[in-house]
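Visitor: start20.cif (mmCIF, C-alpha atoms) pasted underneath:
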data_work
loop_
_atom_site.label_atom_id
_atom_site.label_comp_id
_atom_site.auth_asym_id
_atom_site.auth_seq_id
_atom_site.Cartn_x
_atom_site.Cartn_y
_atom_site.Cartn_z
CA MET E 38 -31.90 32.06 19.76
CA LYS E 39 -30.17 33.67 16.76
CA LYS E 40 -31.75 37.02 17.60
CA TYR E 41 -30.42 36.89 21.16
CA THR E 42 -26.96 35.86 19.93
CA PHE E 43 -26.87 38.78 17.50
CA LEU E 44 -28.08 41.14 20.22
CA LEU E 45 -25.28 40.06 22.57
CA LEU E 46 -22.69 40.48 19.82
CA ALA E 47 -24.03 43.94 19.00
CA ILE E 48 -23.92 44.98 22.68
CA GLY E 49 -20.35 43.68 22.98
CA ALA E 50 -19.34 45.53 19.83
CA ALA E 51 -20.89 48.76 21.14
CA LYS E 52 -18.96 48.48 24.43
CA ILE E 53 -15.67 47.91 22.66
CA LEU E 54 -16.27 50.72 20.18
CA SER E 55 -17.14 53.11 23.02
CA ALA E 56 -13.58 52.97 24.37
CA GLN E 57 -11.14 55.56 23.09
CA ASN E 58 -7.89 54.96 21.26
CA PRO E 59 -4.94 57.12 22.30
CA ALA E 60 -4.19 59.98 19.91
CA PRO E 61 -1.39 59.33 17.40
CA ALA E 62 2.02 60.54 18.52
CA ALA E 63 3.51 63.81 17.31
CA PRO E 64 6.66 63.75 15.15
CA GLN E 65 9.96 63.46 17.00
CA SER E 66 10.94 66.92 18.20
CA GLU E 67 14.10 66.23 20.20
CA SER E 68 17.11 64.03 19.71
CA MET E 69 17.20 60.94 21.93
CA ILE E 70 19.61 58.26 22.99
CA ILE E 71 19.15 54.81 24.56
CA MET E 72 22.05 53.58 26.65
CA ASN E 73 23.11 50.28 28.27
CA ALA E 74 20.39 48.10 26.68
CA THR E 75 20.94 44.80 24.86
CA ALA E 76 20.33 45.65 21.18
CA HIS E 77 19.01 42.88 18.93
CA LEU E 78 19.79 44.30 15.50
CA GLY E 79 17.46 42.06 13.49
CA ASN E 80 20.26 40.81 11.23
CA GLY E 81 21.50 38.08 13.57
CA GLN E 82 23.80 40.33 15.59
CA VAL E 83 23.45 41.33 19.25
CA ILE E 84 25.19 44.18 21.10
CA PRO E 85 25.01 43.38 24.85
CA ASN E 86 25.82 46.89 26.04
CA SER E 87 24.63 49.23 23.33
CA VAL E 88 24.07 52.90 22.66
CA ILE E 89 21.45 53.95 20.10
CA GLY E 90 20.97 57.53 18.95
CA PHE E 91 18.07 58.84 16.87
CA GLU E 92 16.71 62.18 15.76
CA ASN E 93 14.23 63.48 13.18
CA GLY E 94 12.78 59.98 12.95
CA LYS E 95 16.05 58.35 11.86
CA ILE E 96 18.63 56.24 13.67
CA THR E 97 21.88 58.18 13.79
CA PHE E 98 24.09 55.42 15.17
CA VAL E 99 24.05 51.99 16.85
CA ALA E 100 27.23 50.95 18.62
CA ASP E 101 28.84 49.19 21.56
CA ALA E 102 28.79 51.65 24.46
CA THR E 103 32.18 50.42 25.67
CA THR E 104 34.02 51.21 22.42
CA VAL E 105 32.35 54.32 21.00
CA ARG E 106 32.68 57.96 21.94
CA PHE E 107 29.84 60.42 21.45
CA GLU E 108 28.67 63.78 22.77
CA LYS E 109 25.92 63.25 25.34
CA ASN E 110 25.10 66.94 25.27
CA LYS E 111 23.97 66.58 21.67
CA TYR E 112 21.03 64.43 22.75
CA ARG E 113 18.32 66.19 24.71
CA LYS E 114 16.74 63.03 26.15
CA ILE E 115 18.60 60.01 27.50
CA ILE E 116 16.82 56.70 28.18
CA ASP E 117 18.56 54.29 30.52
CA GLY E 118 18.05 50.83 29.07
CA TYR E 119 20.05 48.90 31.65
CA GLY E 120 18.69 45.36 31.92
CA LYS E 121 16.33 45.93 28.98
CA HIS E 122 16.26 44.84 25.33
CA VAL E 123 15.78 46.87 22.15
CA TYR E 124 14.26 45.23 19.06
CA PRO E 125 13.32 46.41 15.57
CA GLY E 126 9.55 46.76 15.28
CA PHE E 127 7.88 43.49 14.35
CA ILE E 128 6.28 43.42 10.88
CA ALA E 129 3.08 41.43 10.42
CA CYS E 130 2.63 40.02 6.92
CA ASN E 131 -0.65 38.75 5.47
CA SER E 132 -2.88 40.46 8.04
CA THR E 133 -6.34 42.05 8.06
CA ILE E 134 -5.49 44.58 10.78
CA GLY E 135 -7.63 47.68 10.30
CA LEU E 136 -9.84 45.86 7.79
CA THR E 137 -11.90 44.02 10.38
CA GLU E 138 -12.98 44.71 13.95
CA ILE E 139 -15.13 41.84 15.23
CA ASP E 140 -14.86 38.61 13.26
CA GLN E 141 -18.45 37.52 13.98
CA VAL E 142 -20.05 40.86 13.05
CA ARG E 143 -20.23 41.18 9.28
CA SER E 144 -20.68 44.95 9.29
CA THR E 145 -17.18 45.35 10.81
CA ARG E 146 -15.48 43.21 8.15
CA ASP E 147 -14.20 45.19 5.17
CA PHE E 148 -11.56 42.94 3.62
CA GLY E 149 -13.49 41.32 0.75
CA GLU E 150 -15.04 42.60 -2.47
CA VAL E 151 -17.81 41.22 -4.66
CA GLY E 152 -16.54 39.30 -7.67
CA ASP E 153 -13.81 36.78 -8.40
CA LEU E 154 -11.08 38.71 -10.25
CA ASN E 155 -10.41 42.01 -8.49
CA PRO E 156 -6.75 43.08 -8.92
CA ASN E 157 -7.90 46.73 -8.89
CA VAL E 158 -9.22 46.52 -5.31
CA ARG E 159 -6.99 48.53 -2.94
CA SER E 160 -6.93 47.45 0.70
CA ILE E 161 -5.32 50.71 1.83
CA ILE E 162 -8.42 52.86 1.31
CA ALA E 163 -10.41 50.57 3.63
CA TYR E 164 -7.82 50.73 6.43
CA ASN E 165 -9.41 52.03 9.63
CA THR E 166 -6.98 53.91 11.86
CA ASP E 167 -9.66 54.13 14.59
CA SER E 168 -9.73 50.35 14.99
CA LYS E 169 -9.15 49.09 18.54
CA ILE E 170 -6.89 46.31 17.30
CA PRO E 171 -3.66 48.16 16.25
CA PRO E 172 -3.06 49.56 19.79
CA THR E 173 -3.34 46.05 21.25
CA VAL E 174 -0.88 44.44 18.85
CA ARG E 175 1.69 47.25 19.00
CA SER E 176 1.76 46.78 22.78
CA ASN E 177 3.48 43.49 21.94
CA GLY E 178 5.98 45.03 19.53
CA VAL E 179 4.11 44.79 16.22
CA LEU E 180 4.59 48.26 14.76
CA MET E 181 3.99 47.69 11.04
CA ALA E 182 1.68 45.44 9.03
CA GLN E 183 0.89 44.34 5.54
CA ILE E 184 -2.88 44.66 5.11
CA VAL E 185 -4.26 42.10 2.68
CA PRO E 186 -7.66 41.74 1.00
CA ARG E 187 -9.45 38.39 1.04
CA GLY E 188 -11.82 36.38 -1.10
CA GLY E 189 -12.22 35.43 -4.74
CA THR E 190 -9.45 34.18 -6.99
CA ILE E 191 -7.62 37.52 -7.24
CA SER E 192 -8.40 39.38 -4.01
CA GLY E 193 -6.74 42.72 -4.78
CA GLN E 194 -3.70 44.75 -3.75
CA SER E 195 -2.02 44.85 -0.35
CA SER E 196 -0.21 47.77 1.28
CA VAL E 197 2.15 48.26 4.21
CA VAL E 198 1.04 50.55 7.05
CA GLU E 199 2.43 51.96 10.27
CA LEU E 200 0.22 51.18 13.25
CA ASP E 201 -0.08 54.75 14.54
CA ALA E 202 -1.75 57.38 12.39
CA TRP E 203 -4.71 59.73 12.08
CA ASN E 204 -5.96 58.35 8.75
CA TRP E 205 -5.07 55.84 6.07
CA GLU E 206 -3.08 58.41 4.10
CA ASP E 207 -0.84 59.01 7.11
CA ALA E 208 -0.61 55.29 7.90
CA ALA E 209 0.44 54.28 4.38
CA TYR E 210 4.11 53.27 4.24
CA LYS E 211 4.15 51.45 0.89
CA THR E 212 0.95 51.29 -1.12
CA ASP E 213 -0.25 48.67 -3.60
CA GLU E 214 3.00 46.71 -3.33
CA GLY E 215 1.56 43.40 -4.47
CA ILE E 216 -1.45 41.50 -5.79
CA HIS E 217 -2.90 38.45 -4.04
CA LEU E 218 -3.92 35.31 -5.92
CA ASN E 219 -5.69 32.40 -4.23
CA TRP E 220 -4.48 29.41 -6.24
CA PRO E 221 -7.25 26.86 -6.98
CA ARG E 222 -7.30 23.71 -4.90
CA MET E 223 -5.53 20.94 -6.81
CA TYR E 224 -6.49 17.85 -4.85
CA ILE E 225 -9.58 15.70 -4.73
CA TYR E 226 -11.52 15.79 -1.47
CA LYS E 227 -13.15 12.46 -0.68
CA GLY E 228 -14.70 13.20 2.67
CA GLU E 229 -18.33 12.98 3.64
CA GLY E 230 -20.54 15.28 1.59
CA SER E 231 -17.88 15.90 -1.06
CA GLN E 232 -18.71 16.43 -4.72
CA PRO E 233 -18.12 13.64 -7.27
CA GLU E 234 -14.49 13.38 -8.36
CA ASP E 235 -15.26 14.35 -11.97
CA LYS E 236 -17.09 17.46 -10.80
CA GLN E 237 -14.17 18.52 -8.61
CA LYS E 238 -11.72 18.08 -11.51
CA GLU E 239 -14.01 20.06 -13.78
CA ASN E 240 -14.18 22.94 -11.29
CA MET E 241 -10.41 22.88 -10.81
CA ASN E 242 -9.70 22.99 -14.54
CA ARG E 243 -12.21 25.80 -15.02
CA SER E 244 -10.54 27.87 -12.31
CA LEU E 245 -7.05 27.29 -13.70
CA SER E 246 -8.23 28.21 -17.18
CA SER E 247 -9.82 31.45 -15.96
CA ILE E 248 -6.51 32.47 -14.32
CA GLU E 249 -4.58 31.62 -17.48
CA PHE E 250 -6.92 33.62 -19.72
CA PHE E 251 -6.96 36.60 -17.37
CA PHE E 252 -3.17 36.82 -17.06
CA ARG E 253 -2.73 36.32 -20.79
CA ASP E 254 -5.08 39.21 -21.56
CA ALA E 255 -3.56 41.37 -18.81
CA LYS E 256 -0.05 40.88 -20.20
CA ALA E 257 -1.19 41.73 -23.72
CA TYR E 258 -2.85 44.87 -22.34
CA SER E 259 0.34 45.86 -20.49
CA LEU E 260 2.27 45.77 -23.78
CA SER E 261 -0.17 48.18 -25.43
CA SER E 262 -1.46 51.71 -24.87
CA PRO E 263 -5.23 51.39 -25.23
CA ALA E 264 -7.34 54.54 -25.50
CA GLU E 265 -9.91 53.11 -23.13
CA LYS E 266 -8.56 52.18 -19.70
CA ASN E 267 -9.36 48.83 -18.11
CA LEU E 268 -9.00 49.28 -14.33
CA ARG E 269 -8.39 45.60 -13.65
CA PHE E 270 -5.67 45.31 -16.26
CA GLU E 271 -4.14 48.65 -15.27
CA ALA E 272 -3.65 47.24 -11.75
CA MET E 273 -1.84 44.24 -13.25
CA ARG E 274 0.75 46.31 -15.14
CA GLY E 275 3.14 46.38 -12.19
CA LEU E 276 3.40 42.57 -12.18
CA PHE E 277 4.71 42.46 -15.74
CA GLU E 278 6.87 45.57 -15.32
CA GLY E 279 8.54 44.09 -12.22
CA ASN E 280 7.53 46.69 -9.62
CA LYS E 281 4.84 44.55 -7.97
CA LYS E 282 4.92 41.05 -6.56
CA LEU E 283 2.33 38.32 -6.90
CA TYR E 284 1.47 36.75 -3.55
CA VAL E 285 0.18 33.27 -4.29
CA HIS E 286 -1.77 31.65 -1.47
CA CYS E 287 -1.51 27.86 -1.54
CA ASP E 288 -0.20 25.00 0.59
CA TYR E 289 0.23 21.69 -1.19
CA VAL E 290 3.07 20.42 -3.38
CA LYS E 291 1.11 20.21 -6.63
CA GLU E 292 -0.28 23.71 -6.16
CA ILE E 293 3.11 25.21 -5.29
CA GLU E 294 4.77 23.62 -8.32
CA ALA E 295 2.01 24.81 -10.65
CA ALA E 296 2.12 28.35 -9.22
CA VAL E 297 5.92 28.64 -9.52
CA ASN E 298 5.87 27.41 -13.12
CA PHE E 299 3.01 29.78 -13.92
CA CYS E 300 4.88 32.81 -12.55
CA ARG E 301 8.06 31.80 -14.34
CA LYS E 302 6.11 31.58 -17.59
CA TYR E 303 4.89 35.17 -17.24
CA GLY E 304 8.11 36.57 -15.74
CA ILE E 305 6.40 37.54 -12.48
CA LYS E 306 8.05 37.92 -9.08
CA MET E 307 6.29 35.44 -6.80
CA VAL E 308 5.90 35.17 -3.05
CA LEU E 309 4.41 31.97 -1.66
CA VAL E 310 1.94 32.54 1.19
CA GLY E 311 1.04 29.59 3.41
CA GLY E 312 3.26 26.88 1.97
CA ASP E 313 2.61 24.00 4.36
CA ASP E 314 4.45 21.73 1.90
CA ALA E 315 7.22 24.22 1.09
CA TRP E 316 9.78 21.96 2.76
CA MET E 317 9.13 19.31 0.06
CA VAL E 318 9.97 21.63 -2.86
CA THR E 319 12.83 23.72 -1.48
CA GLY E 320 14.93 23.11 -4.59
CA LEU E 321 12.25 24.59 -6.83
CA LEU E 322 11.70 27.57 -4.53
CA LYS E 323 15.40 28.34 -4.23
CA GLU E 324 16.04 27.94 -7.95
CA ASN E 325 13.28 30.45 -8.75
CA ASP E 326 14.09 32.78 -5.83
CA VAL E 327 10.61 32.43 -4.32
CA PRO E 328 10.39 33.55 -0.65
CA VAL E 329 7.75 32.06 1.63
CA VAL E 330 5.43 33.84 4.06
CA LEU E 331 4.59 31.03 6.45
CA GLY E 332 1.27 30.93 8.26
CA ARG E 333 0.35 30.17 11.84
CA ILE E 334 3.15 28.21 13.53
CA HIS E 335 0.88 27.05 16.37
CA SER E 336 -1.18 24.69 14.23
CA LEU E 337 -1.60 21.01 13.48
CA PRO E 338 0.37 19.35 10.68
CA PRO E 339 -1.57 19.12 7.38
CA ARG E 340 -1.57 15.31 7.24
CA GLU E 341 -2.14 12.57 9.77
CA ASP E 342 1.21 10.92 9.04
CA ASP E 343 3.27 14.15 9.24
CA ASP E 344 5.53 14.78 12.21
CA VAL E 345 3.43 16.31 14.95
CA ASP E 346 5.95 19.15 15.32
CA LEU E 347 6.24 19.85 11.58
CA PRO E 348 4.74 23.39 11.75
CA TYR E 349 7.19 24.28 14.55
CA LYS E 350 10.29 23.15 12.64
CA LEU E 351 9.18 24.23 9.16
CA PRO E 352 11.17 27.53 9.34
CA TYR E 353 14.31 25.58 10.28
CA LEU E 354 13.82 23.21 7.32
CA LEU E 355 13.55 26.17 4.94
CA LYS E 356 16.60 27.85 6.44
CA GLN E 357 18.66 24.68 6.05
CA ALA E 358 17.65 24.56 2.39
CA GLY E 359 18.52 28.22 1.79
CA VAL E 360 14.95 29.37 1.13
CA SER E 361 13.98 32.87 2.29
CA TYR E 362 10.99 33.00 4.62
CA ALA E 363 9.02 35.14 7.03
CA ILE E 364 6.54 34.14 9.73
CA SER E 365 3.01 35.52 9.87
CA ILE E 366 -0.36 34.92 11.52
CA GLU E 367 -3.35 35.36 9.25
CA GLY E 368 -5.96 37.58 10.89
CA SER E 369 -6.06 40.73 13.00
CA TRP E 370 -6.32 40.63 16.81
CA ASN E 371 -4.27 37.41 17.07
CA ILE E 372 -1.31 39.24 15.47
CA ARG E 373 -0.43 40.26 19.03
CA ASN E 374 0.95 36.70 19.46
CA LEU E 375 3.33 37.03 16.51
CA GLY E 376 6.46 37.30 18.65
CA PHE E 377 5.47 34.35 20.83
CA MET E 378 4.74 32.05 17.87
CA CYS E 379 8.05 33.13 16.39
CA GLY E 380 9.72 32.23 19.69
CA THR E 381 8.46 28.65 19.37
CA THR E 382 10.63 28.16 16.29
CA ALA E 383 13.70 28.92 18.42
CA ALA E 384 12.99 25.69 20.30
CA TYR E 385 12.82 23.70 17.05
CA GLY E 386 16.10 24.39 15.29
CA LEU E 387 16.42 28.15 14.86
CA SER E 388 18.50 30.40 17.08
CA LYS E 389 16.71 33.23 18.88
CA GLU E 390 18.21 35.80 16.51
CA ASP E 391 17.28 33.76 13.42
CA ALA E 392 13.74 33.57 14.75
CA LEU E 393 13.71 37.33 15.31
CA MET E 394 14.82 37.93 11.72
CA SER E 395 11.72 36.10 10.46
CA ILE E 396 9.47 38.90 11.77
CA THR E 397 11.79 41.88 11.25
CA SER E 398 14.39 41.94 8.46
CA ALA E 399 12.94 39.01 6.47
CA PRO E 400 9.44 40.45 6.00
CA ALA E 401 10.97 43.88 5.33
CA LYS E 402 12.94 42.40 2.45
CA ILE E 403 9.95 40.51 1.06
CA LEU E 404 7.82 43.66 1.20
CA GLY E 405 10.55 45.77 -0.39
CA ILE E 406 11.02 48.12 2.57
CA ASP E 407 14.29 46.73 3.91
CA SER E 408 16.22 49.87 2.97
CA THR E 409 14.40 51.82 5.69
CA VAL E 410 13.13 49.34 8.32
CA GLY E 411 13.65 45.81 9.63
CA THR E 412 16.99 46.25 11.37
CA LEU E 413 18.64 48.63 13.83
CA GLU E 414 21.09 50.47 11.57
CA ALA E 415 22.20 54.05 11.12
CA GLY E 416 20.16 55.83 8.48
CA LYS E 417 17.07 53.66 8.88
CA ASP E 418 13.78 54.71 10.41
CA ALA E 419 13.75 54.79 14.20
CA THR E 420 11.01 52.13 14.38
CA PHE E 421 11.76 49.90 17.35
CA PHE E 422 10.65 49.08 20.89
CA ILE E 423 12.11 48.46 24.34
CA SER E 424 11.17 45.44 26.43
CA THR E 425 12.18 44.54 29.98
CA GLY E 426 12.37 40.88 28.95
CA ASP E 427 12.71 38.58 25.94
CA ALA E 428 10.24 39.82 23.31
CA LEU E 429 9.80 36.29 21.96
CA ASP E 430 8.85 34.86 25.38
CA MET E 431 5.32 35.46 26.61
CA LYS E 432 6.41 35.02 30.23
CA THR E 433 8.99 37.80 30.23
CA GLN E 434 8.04 40.18 27.41
CA ASN E 435 6.99 43.60 28.67
CA VAL E 436 7.08 46.42 26.15
CA THR E 437 7.75 49.67 28.02
CA SER E 438 8.41 52.03 25.10
CA ALA E 439 7.86 51.95 21.35
CA PHE E 440 8.84 54.34 18.57
CA ILE E 441 7.62 54.62 14.99
CA ARG E 442 9.95 56.84 12.96
CA GLY E 443 11.09 58.39 16.19
CA LYS E 444 7.58 59.13 17.46
CA GLU E 445 7.11 57.71 20.95
CA ILE E 446 3.70 56.09 20.74
CA ASN E 447 1.15 55.67 23.51
CA LEU E 448 0.98 51.99 24.51
CA ASP E 449 -2.44 52.24 26.13
CA ASN E 450 -5.22 50.13 24.62
CA VAL E 451 -8.72 48.85 25.33
CA GLN E 452 -7.44 45.62 26.89
CA LYS E 453 -5.33 47.54 29.41
CA GLN E 454 -8.26 49.85 30.13
CA LEU E 455 -10.53 46.89 30.87
CA TYR E 456 -7.86 45.34 33.09
CA VAL E 457 -7.58 48.51 35.17
CA LYS E 458 -11.36 48.88 35.31
CA TYR E 459 -12.11 45.39 36.62
CA LYS E 460 -9.04 45.25 38.82
CA SER E 461 -10.48 48.17 40.76
CA LYS E 462 -13.88 46.44 41.00
CA TYR E 463 -12.40 43.55 42.94
CA GLY E 464 -10.08 45.68 45.07
CA MET E 465 -6.89 44.39 43.45
CA LYS E 466 -3.75 46.45 43.72
#
If you convert what's in this file into structure tokens, what do you get?
Guide:
Amino acid sequence: MKKYTFLLLAIGAAKILSAQNPAPAAPQSESMIIMNATAHLGNGQVIPNSVIGFENGKITFVADATTVRFEKNKYRKIIDGYGKHVYPGFIACNSTIGLTEIDQVRSTRDFGEVGDLNPNVRSIIAYNTDSKIPPTVRSNGVLMAQIVPRGGTISGQSSVVELDAWNWEDAAYKTDEGIHLNWPRMYIYKGEGSQPEDKQKENMNRSLSSIEFFFRDAKAYSLSSPAEKNLRFEAMRGLFEGNKKLYVHCDYVKEIEAAVNFCRKYGIKMVLVGGDDAWMVTGLLKENDVPVVLGRIHSLPPREDDDVDLPYKLPYLLKQAGVSYAISIEGSWNIRNLGFMCGTTAAYGLSKEDALMSITSAPAKILGIDSTVGTLEAGKDATFFISTGDALDMKTQNVTSAFIRGKEINLDNVQKQLYVKYKSKYGMK
């Protein structure tokens, strides 16, 4: 039975891999302007009747079409956006886009490394620009992603990529911007088949001690100039020098408190990833300026006695407490639902524009790229898309055009190709 299952998976993988991705777009060669669209700036502001100009990959101006004067002749191509909406490109944090192709086929998964402490592992060099997944997610407005390694205690370094490129060097937007630490579980599991309580505590203390020793040695190394280079400690230098962030993956109160205190002890900039219980420790997070990259919004609450809608309203609770946050979906192909999951939060306390900020300007700030992307502003990269409907509503969203640094990208993908193929089989128009 296992042989047949593997055979079917292999055949399915071969069929998917046989389809062709569209070629990456050429650099912007002519100045362009979008008129009459509703512009959602990504900073909470909306311009109902806007005009957006861009050339050489940069936004030249964003204004209200009824109050600004400009020379139409200066722009060689004019796009009529009447009845449409323009949004900054969505940014997917904590993803494995380009690092995995088919979750059930091990040979297509390249996001984990052997070993437990691997800060020197670089996710960017494993990024596959020929993956079929980026074209499918950018068709829903996701134009940039943070690609994150998995596994072990210290998984490695993440990078930010643009989802249209010939190779990983071209895709790289910001490389090795942070290191990812999976904080040890700090609760005792008492379910069926669980280890004895003493054994669980022993394992927890051993893991915490190994992290402490490793960071202590890495900090001492960063303060010296050894003749012989240690690749793992070299990768850690940025944490102690302040030019890298430590992304700590954990969910529960005790773990969050321990992680925050640990980072404060070593003077490290921390980002909390996951944070199911972040709403319980907002004071601690705000005091230490720790932003949160929330996980899947469409999920069950962590405890049986939690409010059933807790994951939906968690962003609102953090906003009310003044804690910075972004919304993400761990994984690859399911990133295409990022806008829709974000839209759910607008029904549980957030405004539509606040919800939009959690996948545009907020992740840009956390990733340290907010000076060039995340909002529609003059001088920033022309990375945005046009939709005929609300981009946060799965019923009305329809991305008709998308631009990455002014390059108009091809929105074709394998899912659309299959739709056209089988629509013709059944005589559908």
Visitor: Under the rule that all atoms listed in the file are counted, which of E:Ile128, E:Ile248, E:Gly135, E:Ser261 is the nearest residue to E:Pro172?
Guide: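 Closest to E:Pro172, using all atoms listed in the file: E:Gly135.
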Visitor: Give me, as a list of chain:residue names, all polymer residues having an atom no more than 8 Å from E:Ile170, counting only C-alpha atoms and skipping those fewer than 2 positions away in the same chain.
Guide: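 My reading of the contact set: E:Ile134, E:Gly135, E:Glu138, E:Ser168, E:Pro172, E:Thr173, E:Val174, E:Ser369, E:Trp370.
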Visitor: Take the PyMOL selection byres ((chain E and resi 431) around 9), run it mentally on this structure, and tell me the resulting residues as a list of chain:residue names.
Guide: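 Taken on the displayed file, the PyMOL selection byres ((chain E and resi 431) around 9) yields the residues E:Asn374, E:Gly376, E:Phe377, E:Gly380, E:Asp427, E:Ala428, E:Leu429, E:Asp430, E:Lys432, E:Thr433, E:Gln434, E:Asn435.
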Visitor: Which residues fall under the PyMOL selection byres ((chain E and resi 162-166) around 12) in this file, as a count of residues only?
Guide: 52
Visitor: Between atom CA of E:Leu347 and atom CA of E:Ser395, what is the distance, to one decimal in Å?
Guide: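 About the pair atom CA of E:Leu347 and atom CA of E:Ser395: they are 17.2 Å apart.
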Visitor: Please rebuild stretch 330-344 of chain E with N, CA and C atoms and give the result as a CSV table (one decimal), keeping the file's coordinate frame.
Guide:
chain,number,residue,atom,x,y,z
E,330,VAL,N,6.0,33.2,2.9
E,330,VAL,CA,5.4,33.8,4.1
E,330,VAL,C,4.6,32.7,4.7
E,331,LEU,N,5.2,32.2,5.8
E,331,LEU,CA,4.6,31.0,6.4
E,331,LEU,C,3.4,31.5,7.3
E,332,GLY,N,2.4,30.6,7.5
E,332,GLY,CA,1.3,30.9,8.3
E,332,GLY,C,1.5,30.6,9.7
E,333,ARG,N,0.4,30.4,10.4
E,333,ARG,CA,0.4,30.2,11.8
E,333,ARG,C,1.2,29.0,12.2
E,334,ILE,N,2.2,29.3,13.1
E,334,ILE,CA,3.2,28.2,13.5
E,334,ILE,C,2.4,27.3,14.5
E,335,HIS,N,1.6,27.9,15.4
E,335,HIS,CA,0.9,27.0,16.4
E,335,HIS,C,-0.3,26.4,15.7
E,336,SER,N,-0.1,25.4,14.9
E,336,SER,CA,-1.2,24.7,14.2
E,336,SER,C,-0.8,23.2,14.1
E,337,LEU,N,-1.8,22.4,13.7
E,337,LEU,CA,-1.6,21.0,13.5
E,337,LEU,C,-0.9,20.8,12.1
E,338,PRO,N,-0.2,19.7,12.0
E,338,PRO,CA,0.4,19.4,10.7
E,338,PRO,C,-0.7,19.1,9.7
E,339,PRO,N,-0.5,19.3,8.4
E,339,PRO,CA,-1.6,19.1,7.4
E,339,PRO,C,-2.0,17.7,7.2
E,340,ARG,N,-1.2,16.7,7.5
E,340,ARG,CA,-1.6,15.3,7.2
E,340,ARG,C,-1.4,14.5,8.5
E,341,GLU,N,-2.2,13.4,8.6
E,341,GLU,CA,-2.1,12.6,9.8
E,341,GLU,C,-0.8,11.9,10.0
E,342,ASP,N,-0.1,11.6,8.9
E,342,ASP,CA,1.2,10.9,9.0
E,342,ASP,C,2.4,11.9,9.1
E,343,ASP,N,2.2,13.2,9.1
E,343,ASP,CA,3.3,14.2,9.2
E,343,ASP,C,3.8,14.2,10.7
E,344,ASP,N,5.0,14.6,10.9
E,344,ASP,CA,5.5,14.8,12.2
E,344,ASP,C,4.6,15.8,13.0
